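Note: the block below is protein19.tsv and it holds TSV, C-alpha atoms.
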chain	number	residue	atom	x	y	z
U	1	MET	CA	0.00	0.00	0.00
U	2	GLN	CA	1.36	3.41	-0.97
U	3	ALA	CA	1.88	5.91	1.84
U	4	SER	CA	-0.56	8.81	1.84
U	5	PRO	CA	0.74	12.41	1.67
U	6	LEU	CA	-0.46	12.84	5.28
U	7	GLU	CA	1.56	9.85	6.43
U	8	ASN	CA	4.63	11.24	4.63
U	9	ALA	CA	4.12	14.66	6.23
U	10	LEU	CA	3.75	13.16	9.72
U	11	TYR	CA	6.85	11.05	9.18
U	12	ARG	CA	8.82	14.10	8.02
U	13	ASN	CA	7.64	16.09	11.07
U	14	SER	CA	9.01	13.42	13.37
U	15	PHE	CA	12.53	14.44	12.24
U	16	ASP	CA	12.05	18.19	12.57
U	17	ASP	CA	13.76	18.29	15.95
U	18	GLY	CA	17.21	19.20	14.63
U	19	TRP	CA	19.00	16.27	16.28
U	20	LEU	CA	20.02	14.65	12.95
U	21	ASP	CA	21.28	18.03	11.70
U	22	LEU	CA	23.23	18.53	14.90
U	23	VAL	CA	24.92	15.12	14.68
U	24	VAL	CA	25.71	15.37	10.94
U	25	GLY	CA	26.97	18.97	11.44
U	26	ALA	CA	29.15	17.92	14.40
U	27	GLY	CA	30.51	15.05	12.29
U	28	LEU	CA	31.47	17.35	9.43
U	29	VAL	CA	33.03	19.97	11.75
U	30	GLY	CA	34.89	17.21	13.61
U	31	ALA	CA	36.17	15.67	10.35
U	32	GLY	CA	37.25	19.11	9.09
U	33	LEU	CA	39.08	20.02	12.31
U	34	LEU	CA	40.80	16.63	12.49
U	35	TRP	CA	41.90	17.09	8.88
U	36	LEU	CA	43.28	20.56	9.67
U	37	SER	CA	45.11	19.32	12.76
U	38	GLY	CA	46.76	16.54	10.79
U	39	GLY	CA	44.85	13.74	12.49
U	40	ILE	CA	43.05	12.57	9.35
U	41	VAL	CA	43.26	8.94	10.40
U	42	TRP	CA	41.11	9.74	13.43
U	43	THR	CA	38.20	10.67	11.20
U	44	ALA	CA	37.78	6.98	10.30
U	45	PRO	CA	36.09	5.95	13.57
U	46	LEU	CA	33.95	9.12	13.61
U	47	PRO	CA	30.81	7.48	12.11
U	48	ALA	CA	31.12	4.64	14.60
U	49	VAL	CA	30.71	7.28	17.33
U	50	LEU	CA	28.10	9.46	15.61
U	51	ILE	CA	25.59	6.77	14.60
U	52	PRO	CA	25.13	5.36	18.15
U	53	LEU	CA	25.11	8.96	19.42
U	54	TRP	CA	22.24	9.79	17.06
U	55	ILE	CA	20.26	6.72	18.17
U	56	ALA	CA	20.93	7.35	21.88
U	57	GLY	CA	20.01	11.03	21.59
U	58	ARG	CA	16.85	10.23	19.68
U	59	ASN	CA	15.76	7.79	22.38
U	60	SER	CA	16.68	9.94	25.38
U	61	LEU	CA	16.14	13.53	24.19
U	62	ILE	CA	13.55	13.40	21.43
U	63	ALA	CA	11.27	10.41	22.03
U	64	PRO	CA	10.15	11.40	25.57
U	65	ARG	CA	9.17	14.84	24.31
U	66	MET	CA	7.52	13.77	21.08
U	67	ALA	CA	5.56	10.91	22.61
U	68	GLU	CA	5.23	7.91	20.39
U	69	ALA	CA	3.68	7.34	17.02
U	70	ARG	CA	4.16	4.03	15.32
U	71	PHE	CA	4.24	4.11	11.56
U	72	ARG	CA	3.03	1.26	9.40
U	73	PRO	CA	5.37	-1.71	8.90
U	74	THR	CA	5.31	-0.98	5.15
U	75	ARG	CA	7.00	2.40	5.78
U	76	GLU	CA	9.70	0.82	7.93
U	77	ALA	CA	10.35	-1.76	5.19
U	78	MET	CA	10.41	1.01	2.56
U	79	ASN	CA	12.99	2.97	4.59
U	80	ARG	CA	15.16	-0.10	5.09
U	81	ARG	CA	15.14	-0.67	1.31
U	82	MET	CA	16.01	2.98	0.63
U	83	PHE	CA	18.82	3.06	3.20
U	84	GLY	CA	20.14	-0.18	1.76
U	85	GLY	CA	20.04	1.37	-1.68
U	86	TRP	CA	21.91	4.46	-0.53
U	87	LEU	CA	24.52	2.32	1.21
U	88	LEU	CA	25.03	0.28	-1.95
U	89	ALA	CA	25.26	3.50	-3.97
U	90	GLY	CA	27.89	4.80	-1.50
U	91	VAL	CA	29.92	1.59	-1.68
U	92	GLY	CA	29.60	1.62	-5.47
U	93	ALA	CA	30.78	5.24	-5.66
U	94	LEU	CA	33.71	4.40	-3.42
U	95	ALA	CA	34.62	1.41	-5.62
U	96	ILE	CA	34.44	3.55	-8.79
U	97	ALA	CA	36.59	6.23	-7.11
U	98	ALA	CA	39.13	3.56	-6.16
U	99	ILE	CA	39.27	2.24	-9.75
U	100	VAL	CA	39.68	5.75	-11.18
U	101	PHE	CA	42.34	6.50	-8.57
U	102	ALA	CA	44.18	3.27	-9.45
U	103	MET	CA	44.02	3.95	-13.19
U	104	ALA	CA	45.34	7.47	-12.69
U	105	ARG	CA	48.28	6.06	-10.77
U	106	GLY	CA	49.07	3.34	-13.28
U	107	SER	CA	47.06	0.53	-11.67
U	108	ASP	CA	49.16	0.51	-8.55
U	109	TRP	CA	46.64	-1.24	-6.25
U	110	MET	CA	48.94	-0.99	-3.26
U	111	ARG	CA	48.61	2.78	-3.36
U	112	VAL	CA	44.84	2.55	-3.51
U	113	ALA	CA	44.93	0.53	-0.32
U	114	ASP	CA	46.86	3.35	1.34
U	115	ALA	CA	45.30	3.64	4.81
U	116	ARG	CA	45.41	7.42	4.71
U	117	SER	CA	43.25	7.61	1.57
U	118	TRP	CA	40.65	5.24	3.00
U	119	ALA	CA	40.64	6.98	6.37
U	120	VAL	CA	39.57	10.17	4.63
U	121	ALA	CA	37.17	8.55	2.20
U	122	ILE	CA	35.19	6.30	4.55
U	123	PRO	CA	33.93	8.91	7.08
U	124	ASN	CA	33.18	11.42	4.35
U	125	VAL	CA	31.20	8.85	2.38
U	126	LEU	CA	29.31	7.93	5.56
U	127	ILE	CA	28.67	11.54	6.54
U	128	GLY	CA	27.55	12.12	2.96
U	129	ALA	CA	25.24	9.15	3.51
U	130	GLY	CA	23.96	11.02	6.59
U	131	LEU	CA	23.04	13.95	4.36
U	132	LEU	CA	21.40	11.53	1.93
U	133	ALA	CA	19.57	9.90	4.84
U	134	GLY	CA	18.07	13.30	5.62
U	135	LEU	CA	16.91	13.53	2.03
U	136	VAL	CA	15.47	10.02	2.18
U	137	LEU	CA	13.49	11.03	5.26
U	138	GLY	CA	12.05	13.82	3.16
U	139	ALA	CA	13.74	16.67	5.02
U	140	LYS	CA	14.30	19.10	2.17
U	141	ARG	CA	16.74	21.20	4.19
U	142	PHE	CA	19.30	18.43	3.61
U	143	ALA	CA	19.20	19.16	-0.11
U	144	LEU	CA	19.93	22.79	0.82
U	145	TYR	CA	22.87	21.67	2.99
U	146	ALA	CA	24.23	19.66	0.06
U	147	ALA	CA	23.92	22.75	-2.18
U	148	ILE	CA	25.67	24.90	0.46
U	149	ALA	CA	28.46	22.28	0.80
U	150	ILE	CA	28.94	22.28	-2.99
U	151	ALA	CA	28.94	26.10	-3.04
U	152	ILE	CA	31.52	26.23	-0.22
U	153	GLY	CA	33.64	23.64	-2.05
U	154	ALA	CA	33.40	25.57	-5.32
U	155	GLY	CA	34.17	28.83	-3.51
U	156	GLY	CA	37.20	27.21	-1.89
U	157	ALA	CA	38.42	25.86	-5.24
U	158	ILE	CA	38.05	29.29	-6.89
U	159	ALA	CA	39.84	30.95	-3.97
U	160	GLY	CA	42.61	28.38	-4.31
U	161	THR	CA	42.24	26.90	-0.83
U	162	ASP	CA	44.48	23.89	-0.48
U	163	GLU	CA	42.95	22.85	2.84
U	164	PRO	CA	39.79	20.81	2.24
U	165	GLY	CA	39.48	20.43	6.02
U	166	ALA	CA	38.52	24.08	6.38
U	167	LEU	CA	35.83	23.70	3.70
U	168	ILE	CA	34.38	20.56	5.31
U	169	ALA	CA	34.33	22.31	8.71
U	170	ALA	CA	32.67	25.40	7.20
U	171	ALA	CA	29.93	23.29	5.55
U	172	GLY	CA	29.50	21.37	8.81
U	173	ALA	CA	29.22	24.59	10.81
U	174	VAL	CA	26.17	25.64	8.74
U	175	VAL	CA	24.46	22.27	9.37
U	176	LEU	CA	25.44	22.36	13.05
U	177	LEU	CA	24.12	25.89	13.54
U	178	VAL	CA	20.75	25.06	11.95
U	179	GLY	CA	20.62	21.92	14.10
U	180	VAL	CA	21.24	23.90	17.30
U	181	VAL	CA	18.54	26.46	16.43
U	182	MET	CA	16.02	23.71	15.59
U	183	MET	CA	16.89	21.74	18.70
U	184	VAL	CA	16.46	24.77	20.99
U	185	ARG	CA	13.10	25.50	19.36
U	186	PHE	CA	12.04	21.86	19.68
U	187	MET	CA	13.01	21.72	23.39
U	188	ARG	CA	11.08	24.95	24.01
U	189	ASP	CA	7.95	23.73	22.21
U	190	HIS	CA	8.06	20.21	23.66
U	191	PRO	CA	8.70	20.40	27.38
U	192	LEU	CA	9.33	17.15	29.16
U	193	ASN	CA	6.00	16.32	30.80
U	194	GLY	CA	6.03	13.69	33.48
U	195	ASP	CA	2.87	11.93	32.44
U	196	ASP	CA	0.92	11.09	29.35
U	197	ALA	CA	-2.04	13.44	29.56
U	198	GLY	CA	-4.55	10.94	28.19
U	199	GLU	CA	-8.14	11.36	29.28
R	200	MET	CA	-39.47	15.80	3.46
R	201	SER	CA	-38.65	14.13	0.15
R	202	LYS	CA	-35.08	13.34	-0.83
R	203	PRO	CA	-33.06	15.62	-3.15
R	204	VAL	CA	-32.89	14.32	-6.71
R	205	VAL	CA	-29.13	14.59	-6.93
R	206	ARG	CA	-27.51	11.71	-5.06
R	207	GLU	CA	-24.44	13.73	-4.02
R	208	LEU	CA	-26.63	16.26	-2.20
R	209	GLN	CA	-28.36	13.48	-0.30
R	210	ASP	CA	-24.95	12.00	0.53
R	211	VAL	CA	-23.94	15.28	2.17
R	212	LEU	CA	-27.18	15.44	4.12
R	213	ASP	CA	-26.54	11.88	5.29
R	214	LEU	CA	-22.93	12.50	6.35
R	215	ASP	CA	-21.93	10.86	9.61
R	216	ARG	CA	-21.81	13.80	12.01
R	217	THR	CA	-19.50	11.96	14.41
R	218	ILE	CA	-16.82	12.01	11.73
R	219	HIS	CA	-17.81	15.26	10.05
R	220	GLU	CA	-16.91	17.46	13.03
R	221	PRO	CA	-13.54	19.05	12.01
R	222	ALA	CA	-11.55	18.03	15.11
R	223	ARG	CA	-12.76	14.43	14.93
R	224	LEU	CA	-12.12	14.29	11.18
R	225	VAL	CA	-8.53	15.42	11.80
R	226	ILE	CA	-8.05	12.89	14.63
R	227	LEU	CA	-9.31	10.04	12.45
R	228	ALA	CA	-7.18	11.17	9.50
R	229	VAL	CA	-4.01	11.23	11.64
R	230	LEU	CA	-4.75	7.86	13.22
R	231	ASN	CA	-5.56	6.40	9.80
R	232	ALA	CA	-2.07	7.40	8.63
R	233	LEU	CA	-0.41	5.61	11.54
R	234	GLU	CA	-0.27	2.19	13.15
R	235	SER	CA	-0.87	3.78	16.56
R	236	ALA	CA	-0.19	7.03	18.42
R	237	ASP	CA	0.15	8.27	21.97
R	238	PHE	CA	-2.30	10.81	23.36
R	239	THR	CA	0.50	13.40	23.66
R	240	TYR	CA	1.58	12.82	20.05
R	241	LEU	CA	-1.96	13.47	18.85
R	242	MET	CA	-2.22	16.54	21.08
R	243	ASP	CA	1.04	17.82	19.61
R	244	GLN	CA	0.10	17.20	15.99
R	245	THR	CA	-3.43	18.59	16.23
R	246	ARG	CA	-2.63	21.43	18.70
R	247	MET	CA	-5.81	20.61	20.60
R	248	THR	CA	-6.07	21.09	24.34
R	249	GLN	CA	-6.09	18.07	26.61
R	250	GLY	CA	-9.76	18.46	27.53
R	251	ASN	CA	-10.91	19.08	23.98
R	252	LEU	CA	-8.99	16.12	22.60
R	253	SER	CA	-10.24	13.84	25.39
R	254	ALA	CA	-13.86	14.78	24.68
R	255	HIS	CA	-13.51	14.07	20.96
R	256	LEU	CA	-11.69	10.79	21.57
R	257	SER	CA	-14.50	9.64	23.87
R	258	LYS	CA	-17.07	10.28	21.15
R	259	LEU	CA	-15.01	8.43	18.56
R	260	GLU	CA	-14.48	5.51	20.93
R	261	THR	CA	-18.20	5.33	21.71
R	262	ALA	CA	-18.93	5.20	17.97
R	263	GLY	CA	-16.41	2.34	17.66
R	264	TYR	CA	-14.12	4.29	15.33
R	265	ILE	CA	-11.04	4.23	17.55
R	266	SER	CA	-9.68	2.05	20.34
R	267	ILE	CA	-8.05	3.49	23.44
R	268	ALA	CA	-5.60	1.35	25.42
R	269	LYS	CA	-4.11	2.48	28.71
R	270	SER	CA	-0.88	1.12	30.10
R	271	PHE	CA	2.10	2.03	32.27
R	272	GLU	CA	5.61	2.39	30.98
R	273	ALA	CA	8.40	3.11	33.47
R	274	LYS	CA	5.71	4.13	36.00
R	275	ARG	CA	4.27	6.65	33.54
R	276	PRO	CA	0.74	6.27	32.24
R	277	ARG	CA	0.49	5.85	28.50
R	278	THR	CA	-2.62	6.13	26.33
R	279	THR	CA	-2.32	4.40	22.98
R	280	LEU	CA	-4.83	5.23	20.26
R	281	ARG	CA	-5.66	3.24	17.15
R	282	ILE	CA	-8.22	3.59	14.43
R	283	THR	CA	-10.49	0.54	14.21
R	284	PRO	CA	-11.27	-1.19	10.87
R	285	SER	CA	-14.77	0.29	11.11
R	286	GLY	CA	-13.31	3.77	11.70
R	287	ALA	CA	-11.01	3.42	8.69
R	288	THR	CA	-13.88	2.25	6.47
R	289	GLN	CA	-16.13	5.09	7.61
R	290	LEU	CA	-13.38	7.66	7.10
R	291	VAL	CA	-12.78	6.52	3.52
R	292	ALA	CA	-16.51	6.47	2.77
R	293	HIS	CA	-16.85	9.95	4.25
R	294	ALA	CA	-13.94	11.27	2.18
R	295	ARG	CA	-15.42	9.75	-1.00
R	296	LYS	CA	-18.76	11.45	-0.41
R	297	LEU	CA	-17.08	14.79	0.20
R	298	SER	CA	-14.86	14.32	-2.85
R	299	ARG	CA	-17.90	13.62	-5.08
R	300	PHE	CA	-19.68	16.64	-3.65
R	301	VAL	CA	-16.66	18.88	-4.27
R	302	THR	CA	-16.55	17.65	-7.87
R	303	MET	CA	-20.29	18.27	-8.22
R	304	ILE	CA	-19.96	21.91	-7.25
R	305	GLY	CA	-17.25	22.36	-9.89
R	306	VAL	CA	-14.18	22.68	-7.71
R	307	LYS	CA	-11.02	20.80	-8.62
R	308	PRO	CA	-9.29	19.53	-5.48
R	309	ASP	CA	-5.90	21.18	-4.85
R	310	LYS	CA	-2.85	18.99	-4.57
R	311	PRO	CA	-1.53	18.81	-0.99
R	312	LYS	CA	1.34	21.19	-0.22
R	313	LYS	CA	4.62	19.33	0.23
Structure encoded using structure tokens:
Amino acid sequence: MQASPLENALYRNSFDDGWLDLVVGAGLVGAGLLWLSGGIVWTAPLPAVLIPLWIAGRNSLIAPRMAEARFRPTREAMNRRMFGGWLLAGVGALAIAAIVFAMARGSDWMRVADARSWAVAIPNVLIGAGLLAGLVLGAKRFALYAAIAIAIGAGGAIAGTDEPGALIAAAGAVVLLVGVVMMVRFMRDHPLNGDDAGE
Amino acid sequence: MSKPVVRELQDVLDLDRTIHEPARLVILAVLNALESADFTYLMDQTRMTQGNLSAHLSKLETAGYISIAKSFEAKRPRTTLRITPSGATQLVAHARKLSRFVTMIGVKPDKPKK
């Protein structure tokens, strides 16, 4: 059964708390700052920290304020399929990038396996997947973030910046700032009530 | 009083007033889009007051259009609301009647804003 526009709107609203923006923004700023400080390798475990953080925050900060609404199993299945698709697309993009990289370097596969290259690629692909996840959820602001990130990247390239870390951090700061504003607004509008007010 | 000749007019006169009240129509529409919802979620989405929402839910429950289940979770009371199969059927029938009536008066329905 196809989801109704109302179901889609309600589902979208359940992610309008800013928490996903805050986590994705923090991830991008963190990755950018680590890059700038020379600790690129440390960006690799970043997603492993951010994903559980997002889940924990959603359960402890958002859920008690939002109360619960259970969506139809068909929607959950649809989301799993979409996330799976995005993940496959990400892995595919990474594989294509690796092949192109190898060809450019004369098929030297050992260089492709360079830990430093993967350390940079993996978190950025996963954080990019975070932005895509926002789009999958139907939050259009994530498309805007992607456009801003591209604009910042293009601006950096035109200005001749040779530090991509600064550009990643700048794009992340925009997402983080929006996330903070949304989160503050959400907390203000959804105070933590002790009891369900039912009847 | 004899019935109007046009069926769609009679349909409107026969509308189920339990569903037709705006607040109850909204409640049923939200519950129809979900598997289940908490009382607070519904209050948040509809912006109704606690008393107002409670009164409308009671009427819908009496009509058999929704089910209300009360439970405790971590010592906090929780009220879970679901639309019943009868409620879902009535909501769809109601929407169809309104849709036919809207078409009859020459208004094209707008697409929902995204």
Problem set entry | Nearest residue to chain R from the set U:Leu20, U:Ala63, U:Val178, U:Leu46 (distances using only C-alpha atoms) |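 Among U:Leu20, U:Ala63, U:Val178, U:Leu46, it is U:Ala63 that comes nearest to chain R.
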Problem set entry | Atomic distance atom CA of R:Ser253 - atom CA of R:Ile218, expressed in Å with one decimal |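 Taking atom CA of R:Ser253 as the start and atom CA of R:Ile218 as the end point, the length is 15.3 Å.
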Exercise. Can you tell me how far atom CA of U:Pro164 sits from atom CA of U:Leu34, in Å to one decimal?
Worked result: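 According to the coordinates, atom CA of U:Pro164 and atom CA of U:Leu34 are separated by 11.1 Å.
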Problem set entry | Å distance separating atom CA of U:Thr74 from atom CA of R:Ile282, one decimal place |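 About the pair atom CA of U:Thr74 and atom CA of R:Ile282: they are 17.0 Å apart.
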Please list as an mmCIF file with C-alpha atoms, in the coordinates of the input every residue within 6 Å of R:Ser266, counting only C-alpha atoms and excluding residues in the same chain fewer than 2 positions away.
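This is the output file around.cif:
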data_model
loop_
_atom_site.group_PDB
_atom_site.id
_atom_site.type_symbol
_atom_site.label_atom_id
_atom_site.label_comp_id
_atom_site.auth_asym_id
_atom_site.auth_seq_id
_atom_site.Cartn_x
_atom_site.Cartn_y
_atom_site.Cartn_z
ATOM 1 C CA GLU R 260 -14.480 5.510 20.930
ATOM 2 C CA LEU R 280 -4.830 5.230 20.260
ATOM 3 C CA ARG R 281 -5.660 3.240 17.150
#
For this session: Dump as an NGL selection string the residues of chain R that approach chain U to within 8 Å, counting only C-alpha atoms.
Result: :R and (229 or 232-240 or 243 or 249-250 or 253 or 275-278 or 311 or 313)
Write out as a PDB file with C-alpha atoms, in the frame of the given file the residues lying within 9 Å of stretch 262-264 of chain R, counting all atoms listed in the file and excluding same-chain residues fewer than 3 positions away.
ATOM      1  CA  THR R 217     -19.500  11.960  14.410  1.00  0.00           C
ATOM      2  CA  ILE R 218     -16.820  12.010  11.730  1.00  0.00           C
ATOM      3  CA  LEU R 227      -9.310  10.040  12.450  1.00  0.00           C
ATOM      4  CA  SER R 257     -14.500   9.640  23.870  1.00  0.00           C
ATOM      5  CA  LYS R 258     -17.070  10.280  21.150  1.00  0.00           C
ATOM      6  CA  LEU R 259     -15.010   8.430  18.560  1.00  0.00           C
ATOM      7  CA  ARG R 281      -5.660   3.240  17.150  1.00  0.00           C
ATOM      8  CA  ILE R 282      -8.220   3.590  14.430  1.00  0.00           C
ATOM      9  CA  THR R 283     -10.490   0.540  14.210  1.00  0.00           C
ATOM     10  CA  PRO R 284     -11.270  -1.190  10.870  1.00  0.00           C
ATOM     11  CA  SER R 285     -14.770   0.290  11.110  1.00  0.00           C
ATOM     12  CA  GLY R 286     -13.310   3.770  11.700  1.00  0.00           C
ATOM     13  CA  ALA R 287     -11.010   3.420   8.690  1.00  0.00           C
ATOM     14  CA  GLN R 289     -16.130   5.090   7.610  1.00  0.00           C
ATOM     15  CA  LEU R 290     -13.380   7.660   7.100  1.00  0.00           C
TER      16      LEU R 290
END
Problem set entry | Surrounding residues of stretch 169-173 of chain U excluding itself and chain neighbours under 2 positions, 9 Å, all atoms listed in the file, as a ChimeraX atom specification | /U:24-33,145-146,148-150,152-153,164-167,175-178
Problem set entry | Nearest-residue call for R:Ala273, choices U:Pro64, U:Ile158, U:Phe186, U:Val23, using all atoms listed in the file |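 Checking each of U:Pro64, U:Ile158, U:Phe186, U:Val23 against R:Ala273, counting all atoms listed in the file, the winner is U:Pro64.
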